[in-house]
Amino acid sequence: MLAAHHSHRLFLDHRLAPAALVQATLDPLVAIGTLLLSAFAFGKTFEGAYLILALIVFSLTFPATPPKGTSLRALAADVASSWLVVVALLLLIGWATRTLGSFDPRVILAWVLAAPVALFTARALMPVVLPRLLAAEGVQRVAVIAGGGELGRKLAERIRGTPFLGIRLAGFFDDRSPERIGSVAPGENLGALNQIAAYVKTHRVDLMYITLPMVSQPRILKLLDELHDTTASIYFVPDIFLFDLIQARMDTIGGIPVLAACETPFYGINGLIKRASDIVLASVILALVLPVMLVIAIGVKLSSHGPVLFRQRRYGLDGKEIVVYKFRTMTVLEDGNVIRQATRNDRRVTRFGAFLRQFSLDELPQFFNVLQGRMSVVGPRPHAVAHNEMYRRLIKGYMIRHKVRPGITGLAQVNGLRGETATLDKMQSRIEHDLDYLRNWSLQLDLQIVVKTVFVLLKKQDAF
């Protein structure tokens, strides 16, 4: 119970840290502030419909997600795609509630154009300004780590590499000699474990992380007893965190704490949100593209002999086999134990099929798979069963991508990993993006991927 209690406190404490609070509220405050300035610029009072709009904007942008890249170009792309999703949702809400006429078009236009510029500027300046503010006396929290082993060093790297936490690491305590500890610098070794309590009292330490191995229970209990006379927050970091975790979370079973090391992001209410968004998106898209699908079906039938639809076995949720629909683009219907991926200038691909593949129009029937519950609009792309059986033996963690329904588009596809995976490295990179999607899923991320997919298709990237 002690470990579960302190792990819970760790989560709350870091979420409420001043730096974390600034990062979480930056986007909503900038977006609302820009709306406020736009309204005042055109002589509008910030009340009524504008106040409700501000509340909706806050709910759509809080908490702000950390930037996905470090370059200004990546930052600009992230801001643009995120803001486009927010504007699209606001327009949909306004159309559904018939409240678009309540706003001055000049105010809304100025705000829609100015907000992404302000968001980009604020995000670009935050990594420069915030660390300087955190360096001020009394703002940063002082932390020490009990245990200089691999887990302790990994935790130290994360703390130092995340300045927004507002934590200054003073050093390590360990009973082993500096030579045995290894890569811990001499100045970082603050003493033995029995010296921690005195150090915490005299140096006003705020945070105490215990990274000792679980077999060290007697030492851990003794250390906790000595620290009861201090005001430091105490956190136990289980050595399970040395492994790559997917949606790690704490839970209890009859009061006994359990730790989820690998879990689907669509647990509980998130599963309902994901399924509802899939049904809405698939229904809207099918309503728009049904005439196009009819034309494609006629084109497939007239261009070559064979059925209009190609049905292929894929692995779906939890690795169970599903049947996926596609418009037929080849002269063959391969679904056996050995399947050769389509390549550039593949003779099996028909001329009309090549056109469909170029713009991924052959994937449109998969929106029916979404309505059936076999697939999702966004998720890891499903591979043929034969390819799954091959790659699961070659790539560590390959099958974890099946913790969610496969998607029509995904994070890998909007990051240039669309089409043929000619080498193991390419497939490895695709799987890394799939697992990154599982770690960081949010409804906003799904909508960003949908928007980015449109731009990827317009670039006419090859999908043989």
# chains A, B, ... in the order shown; residues from 1 in each chain; ligands from 1
call {"tool": "residues_around", "arguments": {"residues": "Glu47 (chain A)", "least_positions_apart": "4", "cutoff": "12 Å", "atoms": "only C-alpha atoms", "output": "VMD selection string"}}
result
chain A and resid 35 to 36 39 to 40 51 to 55 102 to 103
call {"tool": "residues_around", "arguments": {"residues": "region 294-298 of chain A", "least_positions_apart": "2", "cutoff": "9 Å", "atoms": "only C-alpha atoms", "output": "PyMOL selection string"}}
result
chain A and resi 289-292+300-303+308-309+327+356+361-362
call {"tool": "write_last_selection", "arguments": {"atoms": "N, CA and C atoms", "output": "short mmCIF file (atom, residue, chain, number, x, y, z; two decimals), in the first residue's frame"}}
result
data_model
loop_
_atom_site.label_atom_id
_atom_site.label_comp_id
_atom_site.auth_asym_id
_atom_site.auth_seq_id
_atom_site.Cartn_x
_atom_site.Cartn_y
_atom_site.Cartn_z
N VAL A 289 -18.38 10.12 -49.59
CA VAL A 289 -17.62 9.45 -50.66
C VAL A 289 -18.38 8.32 -51.34
N LEU A 290 -19.61 8.04 -50.94
CA LEU A 290 -20.36 6.95 -51.58
C LEU A 290 -20.46 7.10 -53.10
N PRO A 291 -20.74 8.32 -53.63
CA PRO A 291 -20.75 8.46 -55.10
C PRO A 291 -19.39 8.14 -55.72
N VAL A 292 -18.32 8.55 -55.05
CA VAL A 292 -16.97 8.25 -55.54
C VAL A 292 -16.73 6.75 -55.53
N VAL A 300 -13.14 -0.45 -61.50
CA VAL A 300 -12.44 -1.71 -61.21
C VAL A 300 -13.02 -2.83 -62.07
N LYS A 301 -14.34 -2.87 -62.19
CA LYS A 301 -14.99 -3.94 -62.95
C LYS A 301 -14.66 -3.85 -64.43
N LEU A 302 -14.59 -2.64 -64.97
CA LEU A 302 -14.33 -2.48 -66.40
C LEU A 302 -12.85 -2.60 -66.75
N SER A 303 -11.96 -2.36 -65.79
CA SER A 303 -10.52 -2.32 -66.10
C SER A 303 -9.85 -3.68 -66.10
N VAL A 308 -14.94 -6.84 -57.58
CA VAL A 308 -14.68 -5.42 -57.27
C VAL A 308 -13.92 -5.30 -55.95
N LEU A 309 -14.35 -6.05 -54.95
CA LEU A 309 -13.73 -5.97 -53.63
C LEU A 309 -12.74 -7.11 -53.42
N PHE A 327 -10.79 -2.12 -52.42
CA PHE A 327 -11.05 -2.23 -53.85
C PHE A 327 -9.89 -3.01 -54.47
N LEU A 356 -5.58 4.14 -57.96
CA LEU A 356 -6.26 4.03 -56.68
C LEU A 356 -5.26 3.96 -55.52
N LEU A 361 -7.27 5.39 -52.52
CA LEU A 361 -8.70 5.25 -52.73
C LEU A 361 -9.15 3.80 -52.59
N ASP A 362 -8.20 2.86 -52.74
CA ASP A 362 -8.56 1.45 -52.58
C ASP A 362 -8.91 1.10 -51.14
#
call {"tool": "atom_distance", "arguments": {"atom1": "CA of Arg430 (chain A)", "atom2": "CA of Leu411 (chain A)"}}
result
8.6 Å
call {"tool": "closest_residue", "arguments": {"among": "A:Asn415, A:Thr25, A:Trp95, A:Ser82", "to": "Ala64 (chain A)", "atoms": "only C-alpha atoms"}}
result
A:Thr25
call {"tool": "select_by_dssp", "arguments": {"residues": "region 338-456 of chain A", "states": "strand (DSSP E)", "output": "number ranges by chain"}}
result
A: 376-378, 407-409
